[in-house]
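A.B. asks: Input input_31.pdb, format and content: PDB, C-alpha atoms.
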```
MODEL        1
ATOM      1  CA  MET K  22      83.804 159.271 137.628
ATOM      2  CA  MET K  23      87.545 159.635 137.453
ATOM      3  CA  LYS K  24      89.584 160.882 140.373
ATOM      4  CA  PRO K  25      91.730 163.876 139.645
ATOM      5  CA  ALA K  26      95.437 163.201 139.240
ATOM      6  CA  GLY K  27      97.434 163.918 142.308
ATOM      7  CA  LYS K  28      99.958 162.376 144.649
ATOM      8  CA  PRO K  29     100.157 158.548 144.541
ATOM      9  CA  THR K  30      98.604 156.730 147.460
ATOM     10  CA  PRO K  31     101.301 155.382 149.839
ATOM     11  CA  PRO K  32     101.302 151.633 150.569
ATOM     12  CA  ALA K  33      99.267 150.579 153.539
ATOM     13  CA  THR K  34     101.121 149.908 156.776
ATOM     14  CA  TYR K  35     100.042 147.703 159.601
ATOM     15  CA  GLY K  36     100.276 149.058 163.086
ATOM     16  CA  GLY K  37     102.693 151.711 161.956
ATOM     17  CA  ALA K  38     105.383 149.126 161.025
ATOM     18  CA  ALA K  39     107.027 148.859 157.599
ATOM     19  CA  THR K  40     105.955 146.117 155.172
ATOM     20  CA  PRO K  41     107.805 142.843 156.129
ATOM     21  CA  THR K  42     110.520 141.756 153.666
ATOM     22  CA  ARG K  43     110.284 138.336 151.990
ATOM     23  CA  ARG K  44     112.674 135.609 153.174
ATOM     24  CA  ARG K  45     115.074 134.098 150.650
ATOM     25  CA  PRO K  46     114.106 130.441 150.123
ATOM     26  CA  TRP K  47     117.171 129.708 147.938
ATOM     27  CA  LEU K  48     119.420 130.028 150.998
ATOM     28  CA  LEU K  49     117.444 127.348 152.820
ATOM     29  CA  ILE K  50     117.389 125.108 149.713
ATOM     30  CA  PHE K  51     121.167 125.488 149.265
ATOM     31  CA  GLY K  52     121.822 124.577 152.906
ATOM     32  CA  LEU K  53     119.609 121.484 152.779
ATOM     33  CA  THR K  54     121.145 120.349 149.480
ATOM     34  CA  PHE K  55     124.660 120.668 150.944
ATOM     35  CA  ILE K  56     123.731 118.612 154.029
ATOM     36  CA  ILE K  57     122.079 115.883 151.909
ATOM     37  CA  LEU K  58     125.114 115.654 149.583
ATOM     38  CA  LEU K  59     127.440 115.441 152.576
ATOM     39  CA  LEU K  60     125.398 112.606 154.087
ATOM     40  CA  LEU K  61     125.278 110.736 150.755
ATOM     41  CA  THR K  62     129.062 111.052 150.371
ATOM     42  CA  CYS K  63     129.604 109.604 153.846
ATOM     43  CA  ILE K  64     127.249 106.690 153.096
ATOM     44  CA  ILE K  65     128.923 105.938 149.734
ATOM     45  CA  LEU K  66     132.410 106.030 151.269
ATOM     46  CA  GLY K  67     131.189 103.797 154.080
ATOM     47  CA  PHE K  68     130.068 101.101 151.644
ATOM     48  CA  LEU K  69     132.865 101.615 149.117
ATOM     49  CA  LYS K  70     134.660  98.363 148.316
ATOM     50  CA  ILE K  71     138.354  98.653 149.024
ATOM     51  CA  LEU K  72     140.357  96.940 146.288
ATOM     52  CA  PRO K  73     143.492  95.018 147.278
ATOM     53  CA  PRO K  74     146.848  96.487 146.263
ATOM     54  CA  ARG K  75     148.421  95.520 142.930
ATOM     55  CA  PHE K  76     151.699  93.607 142.954
ATOM     56  CA  GLN K  77     154.258  93.158 140.210
ATOM     57  CA  ILE K  78     157.580  91.306 140.259
ATOM     58  CA  GLU K  79     160.301  93.608 138.972
ATOM     59  CA  SER K  80     163.382  91.415 139.418
ATOM     60  CA  VAL K  81     164.493  88.036 140.751
ATOM     61  CA  SER K  82     167.979  86.801 141.468
ATOM     62  CA  ILE K  83     168.849  83.395 142.917
ATOM     63  CA  SER K  84     172.049  82.492 144.687
ATOM     64  CA  PHE K  85     172.985  79.023 145.947
ATOM     65  CA  GLU K  86     174.588  79.137 149.366
ATOM     66  CA  ASP K  87     175.030  75.367 149.407
ATOM     67  CA  ASP K  88     173.449  72.307 147.818
ATOM     68  CA  SER K  89     170.339  72.489 150.017
ATOM     69  CA  VAL K  90     169.235  76.149 150.038
ATOM     70  CA  ALA K  91     168.642  78.695 147.305
ATOM     71  CA  LYS K  92     168.330  82.329 148.362
ATOM     72  CA  TRP K  93     165.740  84.212 146.262
ATOM     73  CA  ASN K  94     166.046  87.988 146.210
ATOM     74  CA  ILE K  95     162.761  89.327 144.866
ATOM     75  CA  GLY K  96     162.272  92.953 143.879
ATOM     76  CA  PHE K  97     158.625  93.894 143.571
ATOM     77  CA  SER K  98     156.349  96.890 143.325
ATOM     78  CA  VAL K  99     153.079  97.496 145.146
ATOM     79  CA  GLU K 100     150.466 100.020 143.989
ATOM     80  CA  ASN K 101     147.246 101.365 145.513
ATOM     81  CA  PRO K 102     144.344 101.237 142.971
ATOM     82  CA  ASN K 103     141.859 102.945 145.313
ATOM     83  CA  ALA K 104     140.695 106.545 145.605
ATOM     84  CA  VAL K 105     141.415 106.361 149.343
ATOM     85  CA  THR K 106     144.612 105.863 151.317
ATOM     86  CA  LEU K 107     145.805 102.318 152.120
ATOM     87  CA  ARG K 108     147.900 101.586 155.199
ATOM     88  CA  TYR K 109     150.029  98.434 154.926
ATOM     89  CA  ARG K 110     150.437  96.444 158.117
ATOM     90  CA  GLU K 111     152.353  93.467 156.753
ATOM     91  CA  ILE K 112     153.491  91.879 153.492
ATOM     92  CA  GLY K 113     154.590  88.232 153.411
ATOM     93  CA  VAL K 114     156.407  86.655 150.466
ATOM     94  CA  SER K 115     156.787  82.962 149.633
ATOM     95  CA  VAL K 116     158.166  81.031 146.667
ATOM     96  CA  GLY K 117     157.048  77.676 145.265
ATOM     97  CA  GLY K 118     157.656  75.812 142.040
ATOM     98  CA  ARG K 119     156.392  73.021 139.818
ATOM     99  CA  ARG K 120     159.824  71.907 138.624
ATOM    100  CA  PRO K 121     161.510  71.111 140.935
ATOM    101  CA  GLN K 122     159.165  70.676 143.895
ATOM    102  CA  SER K 123     160.589  72.642 146.781
ATOM    103  CA  SER K 124     159.590  73.858 150.200
ATOM    104  CA  THR K 125     159.891  77.504 151.146
ATOM    105  CA  VAL K 126     160.578  79.742 154.078
ATOM    106  CA  ALA K 127     158.491  82.885 153.803
ATOM    107  CA  SER K 128     160.047  86.273 154.337
ATOM    108  CA  VAL K 129     157.842  88.897 155.977
ATOM    109  CA  VAL K 130     158.307  92.473 154.879
ATOM    110  CA  THR K 131     156.794  94.933 157.329
ATOM    111  CA  PRO K 132     156.992  98.283 155.603
ATOM    112  CA  LEU K 133     154.492 100.110 157.847
ATOM    113  CA  PHE K 134     153.776 102.721 155.215
ATOM    114  CA  LYS K 135     150.722 104.219 153.557
ATOM    115  CA  HIS K 136     149.757 104.944 149.973
ATOM    116  CA  SER K 137     147.608 107.689 148.572
ATOM    117  CA  TYR K 138     145.686 107.163 145.307
ATOM    118  CA  HIS K 139     147.830 105.403 142.666
ATOM    119  CA  ALA K 140     150.978 105.669 144.772
ATOM    120  CA  ARG K 141     153.568 103.008 143.936
ATOM    121  CA  SER K 142     156.536 101.712 145.941
ATOM    122  CA  LEU K 143     159.455  99.426 145.136
ATOM    123  CA  LEU K 144     160.288  96.847 147.809
ATOM    124  CA  SER K 145     162.438  93.749 148.120
ATOM    125  CA  ALA K 146     162.352  90.493 150.067
ATOM    126  CA  THR K 147     164.629  87.512 150.551
ATOM    127  CA  VAL K 148     163.205  83.990 150.640
ATOM    128  CA  ASP K 149     165.197  80.851 151.472
ATOM    129  CA  VAL K 150     164.027  77.922 149.346
ATOM    130  CA  VAL K 151     164.956  74.439 150.559
ATOM    131  CA  LEU K 152     165.967  72.363 147.542
ATOM    132  CA  PRO K 153     165.462  68.657 146.934
ATOM    133  CA  SER K 154     168.509  66.455 146.808
ATOM    134  CA  PRO K 155     170.398  66.368 144.484
ATOM    135  CA  ARG K 156     170.256  70.068 143.734
ATOM    136  CA  PRO K 157     168.482  70.800 140.410
ATOM    137  CA  GLN K 158     170.213  72.765 137.703
ATOM    138  CA  LEU K 159     168.688  75.806 136.021
ATOM    139  CA  SER K 160     168.031  74.960 132.398
ATOM    140  CA  VAL K 161     168.061  77.117 129.302
ATOM    141  CA  ASP K 162     164.291  76.490 129.103
ATOM    142  CA  GLY K 163     163.816  78.705 132.125
ATOM    143  CA  LEU K 164     162.433  78.047 135.573
ATOM    144  CA  ASP K 165     158.812  77.500 136.595
ATOM    145  CA  PHE K 166     157.991  79.203 139.858
ATOM    146  CA  ASN K 167     155.156  80.754 141.800
ATOM    147  CA  VAL K 168     155.584  83.791 144.048
ATOM    148  CA  ARG K 169     152.815  84.604 146.511
ATOM    149  CA  PHE K 170     152.278  87.787 148.460
ATOM    150  CA  GLN K 171     150.038  87.866 151.499
ATOM    151  CA  THR K 172     149.298  91.404 152.565
ATOM    152  CA  LYS K 173     147.457  92.906 155.507
ATOM    153  CA  TYR K 174     146.210  96.428 154.932
ATOM    154  CA  ALA K 175     143.672  98.897 156.303
ATOM    155  CA  SER K 176     141.628 101.813 155.009
ATOM    156  CA  MET K 177     138.906 103.996 156.519
ATOM    157  CA  GLY K 178     138.985 102.012 159.745
ATOM    158  CA  ARG K 179     138.559  98.641 158.001
ATOM    159  CA  LYS K 180     141.206  95.904 157.972
ATOM    160  CA  ALA K 181     141.610  93.388 155.161
ATOM    161  CA  THR K 182     143.883  90.583 153.971
ATOM    162  CA  ALA K 183     144.641  89.566 150.387
ATOM    163  CA  VAL K 184     146.638  86.772 148.770
ATOM    164  CA  VAL K 185     148.250  87.689 145.453
ATOM    165  CA  ALA K 186     149.896  85.104 143.189
ATOM    166  CA  CYS K 187     152.377  85.496 140.376
ATOM    167  CA  GLY K 188     151.502  81.991 139.372
ATOM    168  CA  ASP K 189     153.373  79.311 137.530
ATOM    169  CA  LYS K 190     155.576  81.587 135.479
ATOM    170  CA  ASN K 191     158.230  80.186 133.215
ATOM    171  CA  VAL K 192     160.998  82.768 133.274
ATOM    172  CA  GLU K 193     164.324  82.832 131.488
ATOM    173  CA  PHE K 194     167.358  83.202 133.722
ATOM    174  CA  SER K 195     170.934  84.052 132.872
ATOM    175  CA  THR K 196     173.433  82.159 135.008
ATOM    176  CA  SER K 197     176.953  83.051 136.040
ATOM    177  CA  ASP K 198     179.152  82.501 139.092
ATOM    178  CA  GLY K 199     176.578  80.289 140.784
ATOM    179  CA  GLN K 200     173.870  82.954 140.511
ATOM    180  CA  ALA K 201     170.797  83.286 138.329
ATOM    181  CA  VAL K 202     169.150  86.570 137.307
ATOM    182  CA  MET K 203     165.678  86.886 135.784
ATOM    183  CA  GLU K 204     165.589  88.212 132.225
ATOM    184  CA  GLY K 205     162.732  89.958 130.461
ATOM    185  CA  GLY K 206     160.184  92.429 131.742
ATOM    186  CA  PRO K 207     158.141  92.623 134.940
ATOM    187  CA  ILE K 208     155.586  89.958 135.878
ATOM    188  CA  ARG K 209     152.056  91.121 136.765
ATOM    189  CA  CYS K 210     150.406  89.292 139.661
ATOM    190  CA  GLU K 211     146.744  88.377 140.232
ATOM    191  CA  VAL K 212     144.612  88.455 143.388
ATOM    192  CA  VAL K 213     143.531  84.901 144.329
ATOM    193  CA  SER K 214     141.637  85.747 147.517
ATOM    194  CA  SER K 215     140.693  88.834 149.484
TER     195      SER K 215
ENDMDL
END
```
Render the structure in this file as structure tokens.

C.D. replies:
Amino acid sequence: MMKPAGKPTPPATYGGAATPTRRRPWLLIFGLTFIILLLLTCIILGFLKILPPRFQIESVSISFEDDSVAKWNIGFSVENPNAVTLRYREIGVSVGGRRPQSSTVASVVTPLFKHSYHARSLLSATVDVVLPSPRPQLSVDGLDFNVRFQTKYASMGRKATAVVACGDKNVEFSTSDGQAVMEGGPIRCEVVSS
């Protein structure tokens, strides 16, 4: 038996209160996802390997003050290859050679600067190289030499040291007035220890 059409039956209420609204679970899911991603980012950054800075020799000039000492003026660039900031605490520069054998006095450059991602700076250092006796002459064949950079740097609370070598390069020099100037393009250096 069909009921006659009439007014629709109102929804049932409990204790006179309105029907409770449903909570939005997507808000809770979004909040938890954000917290998990934030924690994962912190963990990844904590274990991220910090790469040592890249060095490149831009210019070299040599002047002979007397028969026993050659003064090397080395222009070089340093670049940060990391996605985080590097803070440089110290950069030391030394020069050695295969021909002739010579001892060196390292020059320490203390720039106290920081680099953001892919930042690049041009710096210079002077190194006094003690020459054997009698003083060797620069030949038209060029000069074999090895420049080393030892750098102390820090990032994200971690300190590190790297040794970078521009090793055993034979470079053409033009000579005039007792000075020698490197010819050709820049020399890329390689990390030997970090």

A.B. asks: Hey, what comes out of the PyMOL selection byres ((chain K and resi 167-175) around 10) on this file? Could you write it as a PDB file with C-alpha atoms, keeping the file's coordinate frame?

C.D. replies:
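That gives us part_28.pdb:
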```
ATOM      1  CA  ILE K  71     138.354  98.653 149.024  1.00  0.00           C
ATOM      2  CA  PRO K  73     143.492  95.018 147.278  1.00  0.00           C
ATOM      3  CA  PRO K  74     146.848  96.487 146.263  1.00  0.00           C
ATOM      4  CA  PHE K  76     151.699  93.607 142.954  1.00  0.00           C
ATOM      5  CA  ILE K  78     157.580  91.306 140.259  1.00  0.00           C
ATOM      6  CA  ILE K  95     162.761  89.327 144.866  1.00  0.00           C
ATOM      7  CA  THR K 106     144.612 105.863 151.317  1.00  0.00           C
ATOM      8  CA  LEU K 107     145.805 102.318 152.120  1.00  0.00           C
ATOM      9  CA  ARG K 108     147.900 101.586 155.199  1.00  0.00           C
ATOM     10  CA  TYR K 109     150.029  98.434 154.926  1.00  0.00           C
ATOM     11  CA  ARG K 110     150.437  96.444 158.117  1.00  0.00           C
ATOM     12  CA  GLU K 111     152.353  93.467 156.753  1.00  0.00           C
ATOM     13  CA  ILE K 112     153.491  91.879 153.492  1.00  0.00           C
ATOM     14  CA  GLY K 113     154.590  88.232 153.411  1.00  0.00           C
ATOM     15  CA  VAL K 114     156.407  86.655 150.466  1.00  0.00           C
ATOM     16  CA  SER K 115     156.787  82.962 149.633  1.00  0.00           C
ATOM     17  CA  VAL K 116     158.166  81.031 146.667  1.00  0.00           C
ATOM     18  CA  GLY K 117     157.048  77.676 145.265  1.00  0.00           C
ATOM     19  CA  GLY K 118     157.656  75.812 142.040  1.00  0.00           C
ATOM     20  CA  ARG K 119     156.392  73.021 139.818  1.00  0.00           C
ATOM     21  CA  ALA K 127     158.491  82.885 153.803  1.00  0.00           C
ATOM     22  CA  SER K 128     160.047  86.273 154.337  1.00  0.00           C
ATOM     23  CA  VAL K 129     157.842  88.897 155.977  1.00  0.00           C
ATOM     24  CA  VAL K 130     158.307  92.473 154.879  1.00  0.00           C
ATOM     25  CA  THR K 131     156.794  94.933 157.329  1.00  0.00           C
ATOM     26  CA  LEU K 133     154.492 100.110 157.847  1.00  0.00           C
ATOM     27  CA  PHE K 134     153.776 102.721 155.215  1.00  0.00           C
ATOM     28  CA  LYS K 135     150.722 104.219 153.557  1.00  0.00           C
ATOM     29  CA  LEU K 164     162.433  78.047 135.573  1.00  0.00           C
ATOM     30  CA  ASP K 165     158.812  77.500 136.595  1.00  0.00           C
ATOM     31  CA  PHE K 166     157.991  79.203 139.858  1.00  0.00           C
ATOM     32  CA  SER K 176     141.628 101.813 155.009  1.00  0.00           C
ATOM     33  CA  MET K 177     138.906 103.996 156.519  1.00  0.00           C
ATOM     34  CA  GLY K 178     138.985 102.012 159.745  1.00  0.00           C
ATOM     35  CA  ARG K 179     138.559  98.641 158.001  1.00  0.00           C
ATOM     36  CA  LYS K 180     141.206  95.904 157.972  1.00  0.00           C
ATOM     37  CA  ALA K 181     141.610  93.388 155.161  1.00  0.00           C
ATOM     38  CA  THR K 182     143.883  90.583 153.971  1.00  0.00           C
ATOM     39  CA  ALA K 183     144.641  89.566 150.387  1.00  0.00           C
ATOM     40  CA  VAL K 184     146.638  86.772 148.770  1.00  0.00           C
ATOM     41  CA  VAL K 185     148.250  87.689 145.453  1.00  0.00           C
ATOM     42  CA  ALA K 186     149.896  85.104 143.189  1.00  0.00           C
ATOM     43  CA  CYS K 187     152.377  85.496 140.376  1.00  0.00           C
ATOM     44  CA  GLY K 188     151.502  81.991 139.372  1.00  0.00           C
ATOM     45  CA  ASP K 189     153.373  79.311 137.530  1.00  0.00           C
ATOM     46  CA  LYS K 190     155.576  81.587 135.479  1.00  0.00           C
ATOM     47  CA  ASN K 191     158.230  80.186 133.215  1.00  0.00           C
ATOM     48  CA  CYS K 210     150.406  89.292 139.661  1.00  0.00           C
ATOM     49  CA  GLU K 211     146.744  88.377 140.232  1.00  0.00           C
ATOM     50  CA  VAL K 212     144.612  88.455 143.388  1.00  0.00           C
ATOM     51  CA  VAL K 213     143.531  84.901 144.329  1.00  0.00           C
ATOM     52  CA  SER K 214     141.637  85.747 147.517  1.00  0.00           C
ATOM     53  CA  SER K 215     140.693  88.834 149.484  1.00  0.00           C
TER      54      SER K 215
END
```

A.B. asks: Just give me the gap between CA of Arg75 (chain K) and CA of Ala201 (chain K) in Å, one decimal is fine.

C.D. replies: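 Taking CA of Arg75 (chain K) as the start and CA of Ala201 (chain K) as the end point, the length is 25.9 Å.
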
A.B. asks: With all atoms listed in the file as the atoms that count, which of K:Leu49, K:Ser145, K:Gln200, K:Leu152 lies nearest to Ser80 (chain K)?

C.D. replies: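 Closest to Ser80 (chain K), using all atoms listed in the file: K:Ser145.
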
A.B. asks: Apply the PyMOL selection byres ((chain K and resi 101) around 9) to the displayed file and report the matching residues as a PyMOL selection string.

C.D. replies: chain K and resi 72-75+99-100+102-107+136-141

A.B. asks: Kindly give the distance, in Å, that separates CA of Val90 (chain K) and CA of Ser142 (chain K), rounded to a single decimal.

C.D. replies: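 Separation of CA of Val90 (chain K) and CA of Ser142 (chain K): 28.8 Å.
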
A.B. asks: Around all of region 167-182 of chain K's listed atoms, make the axis-aligned box with 4 Å on each side and tell me centre and edge lengths in Å to one decimal, as lines of an AutoDock Vina configuration file.

C.D. replies:
```
center_x = 147.1
center_y = 92.4
center_z = 150.8
size_x = 25.0
size_y = 31.2
size_z = 25.9
```

A.B. asks: Considering only C-alpha atoms, can you say which of K:Leu48, K:Trp93, K:Leu143, K:Ser195 comes closest to Glu79 (chain K)?

C.D. replies: K:Leu143

A.B. asks: Report, in Å with one decimal, the straight-line distance from CA of Val150 (chain K) to CA of Met203 (chain K).

C.D. replies: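 Taking CA of Val150 (chain K) as the start and CA of Met203 (chain K) as the end point, the length is 16.3 Å.
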
A.B. asks: So, counting all atoms listed in the file, which residue among K:Ile83, K:Leu61, K:Ala91, K:Ile50 is closest to Val151 (chain K)?

C.D. replies: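 Smallest separation from Val151 (chain K) among the options: K:Ala91.
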
A.B. asks: When distances are computed from only C-alpha atoms, which of K:Ser89, K:Ser98, K:Thr62, K:Ser84 shows the smallest separation from Ile208 (chain K)?

C.D. replies: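 Distance minimum relative to Ile208 (chain K) lands on K:Ser98.
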